[in-house]
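Participant: You'll find final.cif just under this line, and it carries mmCIF, C-alpha atoms.
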```
data_my_file
loop_
_atom_site.group_PDB
_atom_site.id
_atom_site.type_symbol
_atom_site.label_atom_id
_atom_site.label_comp_id
_atom_site.auth_asym_id
_atom_site.auth_seq_id
_atom_site.Cartn_x
_atom_site.Cartn_y
_atom_site.Cartn_z
ATOM 1 C CA MET W 1 12.253 34.790 3.690
ATOM 2 C CA ASN W 2 14.988 35.031 1.060
ATOM 3 C CA ARG W 3 14.976 32.060 -1.270
ATOM 4 C CA SER W 4 17.042 31.214 -4.327
ATOM 5 C CA LEU W 5 15.696 29.940 -7.646
ATOM 6 C CA PHE W 6 16.850 26.447 -6.642
ATOM 7 C CA ASP W 7 14.744 26.677 -3.460
ATOM 8 C CA TYR W 8 11.642 27.440 -5.519
ATOM 9 C CA VAL W 9 12.425 24.545 -7.875
ATOM 10 C CA LEU W 10 12.480 22.271 -4.816
ATOM 11 C CA ILE W 11 9.136 23.681 -3.652
ATOM 12 C CA THR W 12 7.683 22.959 -7.101
ATOM 13 C CA LEU W 13 8.979 19.378 -6.875
ATOM 14 C CA LYS W 14 7.300 19.029 -3.477
ATOM 15 C CA GLY W 15 4.129 20.303 -5.155
ATOM 16 C CA LEU W 16 4.516 17.595 -7.803
ATOM 17 C CA ALA W 17 4.703 14.980 -5.041
ATOM 18 C CA MET W 18 1.660 16.469 -3.284
ATOM 19 C CA GLY W 19 -0.352 16.456 -6.508
ATOM 20 C CA ALA W 20 0.561 12.844 -7.256
ATOM 21 C CA ALA W 21 -0.478 11.793 -3.743
ATOM 22 C CA ASP W 22 -3.782 13.668 -3.927
ATOM 23 C CA VAL W 23 -4.808 11.811 -7.088
ATOM 24 C CA VAL W 24 -4.656 8.475 -5.221
ATOM 25 C CA PRO W 25 -7.703 7.581 -3.058
ATOM 26 C CA GLY W 26 -5.931 6.813 0.225
ATOM 27 C CA VAL W 27 -2.877 9.065 0.312
ATOM 28 C CA SER W 28 -2.952 12.678 1.518
ATOM 29 C CA GLY W 29 -1.042 15.522 -0.103
ATOM 30 C CA GLY W 30 -0.989 17.055 3.370
ATOM 31 C CA THR W 31 1.164 14.132 4.512
ATOM 32 C CA ILE W 32 3.686 14.918 1.765
ATOM 33 C CA ALA W 33 3.685 18.592 2.779
ATOM 34 C CA PHE W 34 4.281 17.624 6.396
ATOM 35 C CA ILE W 35 7.181 15.270 5.802
ATOM 36 C CA SER W 36 8.823 17.628 3.293
ATOM 37 C CA GLY W 37 8.943 20.409 5.875
ATOM 38 C CA ILE W 38 6.530 22.925 4.310
ATOM 39 C CA TYR W 39 3.245 22.116 6.089
ATOM 40 C CA GLU W 40 3.083 24.936 8.639
ATOM 41 C CA GLU W 41 4.311 27.493 6.081
ATOM 42 C CA LEU W 42 1.568 26.296 3.728
ATOM 43 C CA ILE W 43 -1.136 26.697 6.381
ATOM 44 C CA THR W 44 0.212 30.120 7.389
ATOM 45 C CA SER W 45 0.355 31.283 3.758
ATOM 46 C CA ILE W 46 -3.219 30.160 3.107
ATOM 47 C CA ASN W 47 -4.333 32.083 6.195
ATOM 48 C CA ASN W 48 -2.773 35.211 4.712
ATOM 49 C CA VAL W 49 -5.705 35.326 2.291
ATOM 50 C CA ASN W 50 -7.978 37.618 4.325
ATOM 51 C CA LEU W 51 -9.361 41.163 4.519
ATOM 52 C CA ASP W 52 -5.955 42.524 5.589
ATOM 53 C CA LEU W 53 -4.540 41.296 2.292
ATOM 54 C CA LEU W 54 -7.208 43.240 0.378
ATOM 55 C CA LYS W 55 -6.409 46.360 2.408
ATOM 56 C CA THR W 56 -2.710 45.994 1.611
ATOM 57 C CA LEU W 57 -3.536 45.517 -2.070
ATOM 58 C CA ARG W 58 -5.637 48.678 -2.114
ATOM 59 C CA LYS W 59 -3.240 50.875 -0.131
ATOM 60 C CA GLU W 60 0.228 49.570 -1.046
ATOM 61 C CA GLY W 61 -0.238 47.778 -4.358
ATOM 62 C CA ILE W 62 0.297 44.334 -5.843
ATOM 63 C CA LYS W 63 3.958 43.948 -4.828
ATOM 64 C CA ALA W 64 3.282 44.484 -1.110
ATOM 65 C CA ALA W 65 0.214 42.224 -1.194
ATOM 66 C CA TRP W 66 2.152 39.489 -2.999
ATOM 67 C CA LYS W 67 4.856 39.611 -0.328
ATOM 68 C CA GLN W 68 2.285 39.509 2.489
ATOM 69 C CA LEU W 69 0.642 36.525 0.828
ATOM 70 C CA ASN W 70 3.996 34.699 0.518
ATOM 71 C CA GLY W 71 3.044 34.540 -3.140
ATOM 72 C CA ASN W 72 6.289 33.141 -4.518
ATOM 73 C CA PHE W 73 6.017 30.103 -2.238
ATOM 74 C CA LEU W 74 2.348 29.449 -3.049
ATOM 75 C CA PHE W 75 2.844 30.004 -6.777
ATOM 76 C CA ALA W 76 5.778 27.564 -6.964
ATOM 77 C CA LEU W 77 3.852 24.972 -4.954
ATOM 78 C CA LEU W 78 0.615 25.323 -6.933
ATOM 79 C CA ILE W 79 2.504 25.057 -10.227
ATOM 80 C CA GLY W 80 3.896 21.712 -9.071
ATOM 81 C CA ILE W 81 0.519 20.454 -7.816
ATOM 82 C CA GLY W 82 -1.254 21.539 -11.020
ATOM 83 C CA ILE W 83 1.321 19.970 -13.351
ATOM 84 C CA SER W 84 1.251 16.749 -11.349
ATOM 85 C CA ILE W 85 -2.537 16.389 -11.276
ATOM 86 C CA LEU W 86 -2.954 17.194 -14.970
ATOM 87 C CA SER W 87 -0.069 14.999 -16.132
ATOM 88 C CA LEU W 88 -0.285 12.088 -13.698
ATOM 89 C CA ALA W 89 -4.059 11.643 -13.452
ATOM 90 C CA LYS W 90 -4.154 9.186 -16.354
ATOM 91 C CA VAL W 91 -0.980 7.376 -15.214
ATOM 92 C CA ILE W 92 -2.191 6.962 -11.636
ATOM 93 C CA LYS W 93 -5.612 5.824 -12.792
ATOM 94 C CA SER W 94 -4.018 3.271 -15.125
ATOM 95 C CA LEU W 95 -1.852 1.922 -12.290
ATOM 96 C CA LEU W 96 -4.868 1.742 -9.964
ATOM 97 C CA ASN W 97 -6.694 -0.343 -12.563
ATOM 98 C CA ASN W 98 -3.792 -2.521 -13.753
ATOM 99 C CA GLU W 99 -1.253 -2.741 -10.890
ATOM 100 C CA PRO W 100 -3.194 -1.914 -7.721
ATOM 101 C CA VAL W 101 -1.166 -4.163 -5.403
ATOM 102 C CA LEU W 102 2.179 -2.642 -6.378
ATOM 103 C CA LEU W 103 0.895 0.946 -6.296
ATOM 104 C CA TRP W 104 -0.701 0.507 -2.873
ATOM 105 C CA ALA W 105 2.428 -1.252 -1.596
ATOM 106 C CA PHE W 106 4.587 1.759 -2.463
ATOM 107 C CA PHE W 107 2.219 4.161 -0.739
ATOM 108 C CA PHE W 108 1.842 1.816 2.253
ATOM 109 C CA GLY W 109 5.588 2.002 2.890
ATOM 110 C CA LEU W 110 5.503 5.764 2.355
ATOM 111 C CA VAL W 111 2.711 6.276 4.883
ATOM 112 C CA ILE W 112 4.279 4.017 7.539
ATOM 113 C CA ALA W 113 7.420 6.158 7.375
ATOM 114 C CA SER W 114 5.357 9.331 7.620
ATOM 115 C CA ILE W 115 3.735 8.097 10.862
ATOM 116 C CA LEU W 116 7.176 7.701 12.429
ATOM 117 C CA PHE W 117 8.257 11.097 11.110
ATOM 118 C CA ILE W 118 5.235 12.991 12.427
ATOM 119 C CA GLY W 119 5.288 11.058 15.708
ATOM 120 C CA LYS W 120 8.847 12.291 16.298
ATOM 121 C CA GLN W 121 7.591 15.875 16.257
ATOM 122 C CA ILE W 122 5.523 15.263 19.415
ATOM 123 C CA LYS W 123 7.613 16.675 22.268
ATOM 124 C CA THR W 124 5.630 15.214 25.172
ATOM 125 C CA TRP W 125 3.518 12.070 25.374
ATOM 126 C CA ASN W 126 0.886 12.161 28.123
ATOM 127 C CA TRP W 127 -2.678 10.906 28.576
ATOM 128 C CA LYS W 128 -4.042 13.698 26.351
ATOM 129 C CA THR W 129 -1.737 12.965 23.401
ATOM 130 C CA ILE W 130 -2.208 9.201 23.810
ATOM 131 C CA LEU W 131 -5.991 9.646 23.864
ATOM 132 C CA GLY W 132 -5.858 11.991 20.854
ATOM 133 C CA PHE W 133 -3.658 9.518 18.954
ATOM 134 C CA THR W 134 -6.008 6.628 19.769
ATOM 135 C CA LEU W 135 -9.190 8.507 18.850
ATOM 136 C CA GLY W 136 -7.601 9.768 15.617
ATOM 137 C CA ALA W 137 -6.674 6.199 14.635
ATOM 138 C CA ILE W 138 -10.143 4.837 15.459
ATOM 139 C CA ILE W 139 -11.964 7.610 13.541
ATOM 140 C CA ALA W 140 -9.717 7.275 10.471
ATOM 141 C CA TYR W 141 -10.059 3.480 10.491
ATOM 142 C CA TYR W 142 -13.840 3.791 10.698
ATOM 143 C CA ILE W 143 -13.860 6.178 7.721
ATOM 144 C CA THR W 144 -11.895 3.638 5.656
ATOM 145 C CA THR W 145 -14.539 0.975 6.333
ATOM 146 C CA LEU W 146 -17.417 3.102 5.035
ATOM 147 C CA PRO W 147 -18.908 1.904 1.741
ATOM 148 C CA SER W 148 -17.983 3.979 -1.279
ATOM 149 C CA GLY W 149 -20.609 6.008 -3.086
ATOM 150 C CA GLU W 150 -22.380 3.693 -5.474
ATOM 151 C CA GLN W 151 -23.449 6.320 -7.988
ATOM 152 C CA SER W 152 -21.590 9.251 -9.453
ATOM 153 C CA ILE W 153 -23.372 12.597 -9.066
ATOM 154 C CA ASN W 154 -22.597 15.345 -11.555
ATOM 155 C CA SER W 155 -24.765 18.267 -10.405
ATOM 156 C CA SER W 156 -22.994 21.592 -9.901
ATOM 157 C CA TRP W 157 -23.914 22.031 -6.236
ATOM 158 C CA PHE W 158 -22.694 18.528 -5.408
ATOM 159 C CA ILE W 159 -19.357 19.050 -7.205
ATOM 160 C CA PHE W 160 -18.953 22.343 -5.286
ATOM 161 C CA ILE W 161 -19.534 20.656 -1.904
ATOM 162 C CA ALA W 162 -17.283 17.748 -2.874
ATOM 163 C CA GLY W 163 -14.495 20.225 -3.678
ATOM 164 C CA ALA W 164 -14.872 21.938 -0.300
ATOM 165 C CA LEU W 165 -14.800 18.669 1.649
ATOM 166 C CA ALA W 166 -12.015 17.091 -0.395
ATOM 167 C CA ILE W 167 -9.632 20.043 -0.054
ATOM 168 C CA CYS W 168 -10.043 19.947 3.736
ATOM 169 C CA ALA W 169 -8.933 16.317 3.679
ATOM 170 C CA MET W 170 -6.137 17.015 1.188
ATOM 171 C CA ILE W 171 -4.392 19.439 3.558
ATOM 172 C CA LEU W 172 -4.991 17.205 6.589
ATOM 173 C CA PRO W 173 -2.199 14.602 6.917
ATOM 174 C CA GLY W 174 -3.590 11.079 6.981
ATOM 175 C CA ILE W 175 -6.974 11.828 5.417
ATOM 176 C CA SER W 176 -7.076 11.511 1.647
ATOM 177 C CA GLY W 177 -9.093 14.045 -0.314
ATOM 178 C CA ALA W 178 -9.391 11.578 -3.179
ATOM 179 C CA PHE W 179 -10.791 8.965 -0.799
ATOM 180 C CA ILE W 180 -13.398 11.454 0.448
ATOM 181 C CA LEU W 181 -14.395 11.896 -3.203
ATOM 182 C CA VAL W 182 -14.688 8.103 -3.525
ATOM 183 C CA LEU W 183 -16.942 7.961 -0.444
ATOM 184 C CA LEU W 184 -19.132 10.724 -1.875
ATOM 185 C CA GLY W 185 -19.328 9.110 -5.304
ATOM 186 C CA ALA W 186 -17.614 12.138 -6.845
ATOM 187 C CA TYR W 187 -14.213 10.609 -7.664
ATOM 188 C CA GLU W 188 -15.079 9.385 -11.147
ATOM 189 C CA PRO W 189 -16.751 12.615 -12.387
ATOM 190 C CA VAL W 190 -13.926 14.791 -11.028
ATOM 191 C CA LEU W 191 -11.125 12.607 -12.403
ATOM 192 C CA GLY W 192 -13.073 12.268 -15.664
ATOM 193 C CA ALA W 193 -13.385 16.064 -15.869
ATOM 194 C CA ILE W 194 -9.613 16.423 -15.455
ATOM 195 C CA ASN W 195 -8.889 13.801 -18.113
ATOM 196 C CA ASN W 196 -11.496 15.229 -20.518
ATOM 197 C CA LYS W 197 -10.561 18.895 -19.853
ATOM 198 C CA ASP W 198 -14.138 19.673 -18.721
ATOM 199 C CA ILE W 199 -13.482 23.315 -17.764
ATOM 200 C CA LYS W 200 -16.920 23.938 -16.212
ATOM 201 C CA THR W 201 -16.765 20.999 -13.797
ATOM 202 C CA ILE W 202 -13.125 21.729 -12.926
ATOM 203 C CA ALA W 203 -13.978 25.390 -12.234
ATOM 204 C CA ILE W 204 -16.928 24.522 -9.953
ATOM 205 C CA PHE W 205 -14.788 22.002 -8.066
ATOM 206 C CA ALA W 206 -11.978 24.568 -7.770
ATOM 207 C CA VAL W 207 -14.296 27.266 -6.350
ATOM 208 C CA GLY W 208 -15.585 24.791 -3.763
ATOM 209 C CA ALA W 209 -11.992 23.853 -2.918
ATOM 210 C CA VAL W 210 -11.014 27.506 -2.407
ATOM 211 C CA VAL W 211 -13.964 28.102 -0.065
ATOM 212 C CA GLY W 212 -13.167 24.967 1.951
ATOM 213 C CA LEU W 213 -9.455 25.699 2.025
ATOM 214 C CA LEU W 214 -9.750 29.257 3.319
ATOM 215 C CA SER W 215 -12.120 28.276 6.117
ATOM 216 C CA PHE W 216 -10.495 25.010 7.245
ATOM 217 C CA SER W 217 -6.933 26.362 7.193
ATOM 218 C CA LYS W 218 -7.873 28.889 9.884
ATOM 219 C CA ILE W 219 -8.961 26.067 12.187
ATOM 220 C CA LEU W 220 -5.704 24.188 11.560
ATOM 221 C CA LYS W 221 -3.630 27.311 12.164
ATOM 222 C CA TRP W 222 -5.387 27.873 15.506
ATOM 223 C CA LEU W 223 -4.896 24.242 16.541
ATOM 224 C CA PHE W 224 -1.177 24.300 15.753
ATOM 225 C CA SER W 225 -0.753 27.599 17.604
ATOM 226 C CA ASN W 226 -2.631 26.509 20.746
ATOM 227 C CA TYR W 227 -2.499 22.710 20.867
ATOM 228 C CA ASN W 228 0.565 21.728 18.854
ATOM 229 C CA ASN W 229 1.387 18.447 20.619
ATOM 230 C CA LEU W 230 -2.204 17.248 20.756
ATOM 231 C CA THR W 231 -2.804 18.199 17.119
ATOM 232 C CA LEU W 232 0.277 16.253 16.012
ATOM 233 C CA ALA W 233 -0.859 13.249 18.041
ATOM 234 C CA VAL W 234 -4.322 13.268 16.449
ATOM 235 C CA LEU W 235 -2.784 13.629 12.972
ATOM 236 C CA SER W 236 -0.435 10.698 13.650
ATOM 237 C CA GLY W 237 -3.454 8.634 14.706
ATOM 238 C CA PHE W 238 -5.342 9.656 11.561
ATOM 239 C CA ILE W 239 -2.470 8.435 9.412
ATOM 240 C CA LEU W 240 -2.189 5.143 11.313
ATOM 241 C CA GLY W 241 -5.923 4.477 10.998
ATOM 242 C CA SER W 242 -5.864 5.291 7.284
ATOM 243 C CA LEU W 243 -3.425 2.418 6.592
ATOM 244 C CA ASN W 244 -6.381 0.057 6.258
ATOM 245 C CA LYS W 245 -7.486 1.931 3.129
ATOM 246 C CA ILE W 246 -4.151 1.507 1.372
ATOM 247 C CA TRP W 247 -3.388 -2.084 2.403
ATOM 248 C CA PRO W 248 -2.386 -3.672 -0.943
ATOM 249 C CA TRP W 249 -4.330 -6.925 -0.661
ATOM 250 C CA LYS W 250 -8.129 -6.770 -0.591
ATOM 251 C CA ILE W 251 -11.098 -8.918 -1.538
ATOM 252 C CA ILE W 252 -12.545 -8.120 -4.975
ATOM 253 C CA THR W 253 -16.251 -7.606 -4.299
ATOM 254 C CA GLY W 254 -17.329 -6.955 -7.875
ATOM 255 C CA THR W 255 -16.761 -4.658 -10.825
ATOM 256 C CA ARG W 256 -17.925 -1.223 -11.934
ATOM 257 C CA VAL W 257 -17.743 0.886 -15.082
ATOM 258 C CA ASP W 258 -15.444 3.922 -14.802
ATOM 259 C CA SER W 259 -15.792 7.331 -16.497
ATOM 260 C CA HIS W 260 -14.231 5.958 -19.715
ATOM 261 C CA GLY W 261 -16.608 3.013 -19.965
ATOM 262 C CA GLU W 262 -13.962 0.521 -18.807
ATOM 263 C CA THR W 263 -14.792 -2.290 -16.362
ATOM 264 C CA VAL W 264 -12.591 -2.169 -13.247
ATOM 265 C CA ASN W 265 -12.513 -4.142 -9.995
ATOM 266 C CA VAL W 266 -14.120 -2.947 -6.776
ATOM 267 C CA TYR W 267 -12.095 -3.846 -3.660
ATOM 268 C CA GLY W 268 -13.531 -4.603 -0.213
ATOM 269 C CA LYS W 269 -11.951 -5.477 3.133
ATOM 270 C CA SER W 270 -8.246 -6.065 3.691
ATOM 271 C CA ILE W 271 -6.935 -9.647 3.679
ATOM 272 C CA LEU W 272 -3.589 -11.457 3.893
ATOM 273 C CA PRO W 273 -1.544 -11.983 0.686
ATOM 274 C CA ASN W 274 -2.088 -15.772 0.626
ATOM 275 C CA THR W 275 -5.848 -15.285 1.084
ATOM 276 C CA PHE W 276 -5.742 -12.734 -1.752
ATOM 277 C CA GLU W 277 -4.427 -15.433 -4.110
ATOM 278 C CA THR W 278 -7.013 -18.048 -3.172
ATOM 279 C CA THR W 279 -9.979 -15.646 -2.911
ATOM 280 C CA ASN W 280 -9.326 -13.533 -6.000
ATOM 281 C CA ASN W 281 -7.377 -16.123 -8.003
ATOM 282 C CA LEU W 282 -4.689 -13.490 -8.614
ATOM 283 C CA ASP W 283 -0.948 -13.316 -7.975
ATOM 284 C CA SER W 284 -0.254 -11.491 -4.685
ATOM 285 C CA GLN W 285 3.081 -10.182 -6.111
ATOM 286 C CA LEU W 286 4.354 -10.394 -2.533
ATOM 287 C CA LEU W 287 8.084 -10.007 -3.246
ATOM 288 C CA PHE W 288 7.682 -6.990 -5.547
ATOM 289 C CA ALA W 289 5.179 -5.466 -3.133
ATOM 290 C CA ILE W 290 7.616 -5.752 -0.206
ATOM 291 C CA VAL W 291 10.363 -4.183 -2.310
ATOM 292 C CA LEU W 292 8.097 -1.253 -3.192
ATOM 293 C CA MET W 293 7.077 -0.855 0.460
ATOM 294 C CA VAL W 294 10.767 -0.512 1.336
ATOM 295 C CA VAL W 295 11.257 1.954 -1.526
ATOM 296 C CA GLY W 296 8.305 4.027 -0.270
ATOM 297 C CA PHE W 297 9.659 3.958 3.285
ATOM 298 C CA LEU W 298 13.151 4.993 2.158
ATOM 299 C CA THR W 299 11.680 7.791 0.009
ATOM 300 C CA ILE W 300 10.313 9.454 3.148
ATOM 301 C CA PHE W 301 13.517 8.740 5.064
ATOM 302 C CA ILE W 302 15.600 10.443 2.356
ATOM 303 C CA MET W 303 13.184 13.391 2.137
ATOM 304 C CA GLU W 304 13.376 13.826 5.934
ATOM 305 C CA LYS W 305 17.171 13.758 5.936
ATOM 306 C CA PHE W 306 17.302 16.256 3.069
ATOM 307 C CA ALA W 307 14.811 18.593 4.767
ATOM 308 C CA THR W 308 16.742 18.380 8.066
ATOM 309 C CA LYS W 309 19.984 19.192 6.283
ATOM 310 C CA LYS W 310 18.402 22.207 4.534
ATOM 311 C CA GLN W 311 17.023 23.530 7.847
ATOM 312 C CA SER W 312 20.409 23.242 9.570
ATOM 313 C CA ASN W 313 22.204 25.229 6.828
#
```
Show the structure stored in the file as structure tokens.

Facilitator:
Amino acid sequence: MNRSLFDYVLITLKGLAMGAADVVPGVSGGTIAFISGIYEELITSINNVNLDLLKTLRKEGIKAAWKQLNGNFLFALLIGIGISILSLAKVIKSLLNNEPVLLWAFFFGLVIASILFIGKQIKTWNWKTILGFTLGAIIAYYITTLPSGEQSINSSWFIFIAGALAICAMILPGISGAFILVLLGAYEPVLGAINNKDIKTIAIFAVGAVVGLLSFSKILKWLFSNYNNLTLAVLSGFILGSLNKIWPWKIITGTRVDSHGETVNVYGKSILPNTFETTNNLDSQLLFAIVLMVVGFLTIFIMEKFATKKQSN
């Protein structure tokens, strides 16, 4: 595929958006990849990392192997994801601690729009796709109701496994890798390692992520090739069910100490905005939250229109 420098700049920007989403416990970078039109190319490119690639490298050299890998695409995307995670980790964490309602409201609008976008890709609705959609929604909703890990675990083997599981969720639209880390009790040590430039922990997490990515991407590739409609339906259901996790208004069940020694709120089940004010004695920020929901929704709408226009040219 012949691409211009501008095309690769756009791919890097999409990587920035994916990285920002993956930092938030509740939003999937895979969703961003899907709605920005690069999801299937991403899965295909990841699947190019195999024994055939090593054979090409040995027989034909680096240039041929890089082309087979679709290296320019992956490099541009990974640059964006890396820059975003390293630069936005502190910002996102600060917003989660200080303006959780407004941050979740923006992502809530974004995810609602992504459900409509992915749902439009389903060519035929029948009992199989409806069942897949329903089961996906129920499973994702159940996951969001699971209690978060109470204690952070820092052992190397645990960080490795957390990386493998989280990356699978990160490339699956609707399931947040960061939320999986929260459930495992690994979110704080991983985010703390990024903020503190803990190279050892980051490296162990990265190796686990690579192992998980290479194995899970093959399953996704097979599903899209053989059961495209059903796979899209299940993914749409996953995203719908995950909305409970990112609902802006929740009961504050207590506090915890984060990786920097700061006391932050722990949020429980979803409630209505007026109940949020009386239960938590906090401003629901309803008007601003609605505005940010609309902004999030329109962000996806604009991205979809832009991607459609690029594909038609």

Participant: In Å, how far is it from atom CA of Gly71 of chain W to atom CA of Ser236 of chain W?

Facilitator: 29.4 Å

Participant: So that I can check the surroundings of Phe224 of chain W, please list as an mmCIF file with C-alpha atoms, keeping the file's coordinate frame every protein, DNA and RNA residue that reaches within 12 Å of it, counting all atoms listed in the file and ignoring chain neighbours fewer than 3 positions away.

Facilitator:
```cif
data_model
loop_
_atom_site.group_PDB
_atom_site.id
_atom_site.type_symbol
_atom_site.label_atom_id
_atom_site.label_comp_id
_atom_site.auth_asym_id
_atom_site.auth_seq_id
_atom_site.Cartn_x
_atom_site.Cartn_y
_atom_site.Cartn_z
ATOM 1 C CA TYR W 39 3.245 22.116 6.089
ATOM 2 C CA GLU W 40 3.083 24.936 8.639
ATOM 3 C CA GLU W 41 4.311 27.493 6.081
ATOM 4 C CA ILE W 43 -1.136 26.697 6.381
ATOM 5 C CA THR W 44 0.212 30.120 7.389
ATOM 6 C CA ILE W 122 5.523 15.263 19.415
ATOM 7 C CA SER W 217 -6.933 26.362 7.193
ATOM 8 C CA LYS W 218 -7.873 28.889 9.884
ATOM 9 C CA ILE W 219 -8.961 26.067 12.187
ATOM 10 C CA LEU W 220 -5.704 24.188 11.560
ATOM 11 C CA LYS W 221 -3.630 27.311 12.164
ATOM 12 C CA TYR W 227 -2.499 22.710 20.867
ATOM 13 C CA ASN W 228 0.565 21.728 18.854
ATOM 14 C CA ASN W 229 1.387 18.447 20.619
ATOM 15 C CA LEU W 230 -2.204 17.248 20.756
ATOM 16 C CA THR W 231 -2.804 18.199 17.119
ATOM 17 C CA LEU W 232 0.277 16.253 16.012
ATOM 18 C CA ALA W 233 -0.859 13.249 18.041
ATOM 19 C CA VAL W 234 -4.322 13.268 16.449
ATOM 20 C CA LEU W 235 -2.784 13.629 12.972
#
```

Participant: Between W:Asn70, W:Ser87, W:Ser225, W:Asn244, which is the closest to Ile138 of chain W once you count all atoms listed in the file?

Facilitator: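 Nearest candidate to Ile138 of chain W out of W:Asn70, W:Ser87, W:Ser225, W:Asn244: W:Asn244.
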
Participant: Segment 123-172 of chain W near segment 6-28 of chain W within 9 Å: what's each residue's closest atom pair and its distance in Å to one decimal, counting all atoms listed in the file, ordered by chain then ascending residue number, as a Markdown table?

Facilitator:
```
| residue | atom | partner | partner_atom | distance |
| --- | --- | --- | --- | --- |
| W:Thr144 | CA | W:Gly26 | CA | 8.7 |
| W:Ala169 | CA | W:Ser28 | CA | 7.3 |
| W:Met170 | CA | W:Ser28 | CA | 5.4 |
| W:Ile171 | CA | W:Ser28 | CA | 7.2 |
| W:Leu172 | CA | W:Ser28 | CA | 7.1 |
```

Participant: Could you name the residues that touch Leu69 of chain W at 7 Å or less, counting only C-alpha atoms, but leaving out those on the same chain fewer than 5 positions away, as an NGL selection string?

Facilitator: :W and (45 or 48-49)

Participant: Residues as selected, C-alpha atoms, written as an mmCIF file, in the coordinates of the input, can you do that?

Facilitator:
```cif
data_model
loop_
_atom_site.group_PDB
_atom_site.id
_atom_site.type_symbol
_atom_site.label_atom_id
_atom_site.label_comp_id
_atom_site.auth_asym_id
_atom_site.auth_seq_id
_atom_site.Cartn_x
_atom_site.Cartn_y
_atom_site.Cartn_z
ATOM 1 C CA SER W 45 0.355 31.283 3.758
ATOM 2 C CA ASN W 48 -2.773 35.211 4.712
ATOM 3 C CA VAL W 49 -5.705 35.326 2.291
#
```

Participant: Nearest to Leu298 of chain W: which of W:Ser114, W:Ser270, W:Asn72, W:Asn50 is it, counting all atoms listed in the file?

Facilitator: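 Counting all atoms listed in the file, the residue closest to Leu298 of chain W is W:Ser114.
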
Participant: With all atoms listed in the file as the counted atoms, please give the residues lying no more than 8 Å from Leu213 of chain W, apart from itself and same-chain residues fewer than 6 positions off, as a list in words.

Facilitator: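 Counting only the stated atoms, we get Ile46, Ala164, Ile167 and Cys168 of chain W.
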
Participant: Atoms to include: C-alpha atoms. Write the selected residues as a compact mmCIF listing (two decimals), in the frame of the given file.

Facilitator:
```
# COMPACT_ATOMS: atom_id res chain seq x y z
CA ILE W 46 -3.22 30.16 3.11
CA ALA W 164 -14.87 21.94 -0.30
CA ILE W 167 -9.63 20.04 -0.05
CA CYS W 168 -10.04 19.95 3.74
```

Participant: Figure out the distance between atom CA of Leu95 of chain W and atom CA of Ile35 of chain W, please, to one decimal in Å.

Facilitator: 24.2 Å

Participant: Rounded to one decimal in Å, what is the spacing between atom CA of Ala166 of chain W and atom CA of Gln68 of chain W?

Facilitator: 26.7 Å

Participant: My list of candidates is W:Ile246, W:Ile139, W:Val294, W:Ile32. Which is closest to Trp104 of chain W when distances are computed with all atoms listed in the file?

Facilitator: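 Of W:Ile246, W:Ile139, W:Val294, W:Ile32, the one nearest Trp104 of chain W is W:Ile246, counting all atoms listed in the file.
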
Participant: Calculated over only C-alpha atoms, which of the candidates W:Leu5, W:Leu42, W:Ile302, W:Leu110 has the smallest distance to Ile290 of chain W?

Facilitator: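 Nearest candidate to Ile290 of chain W out of W:Leu5, W:Leu42, W:Ile302, W:Leu110: W:Leu110.
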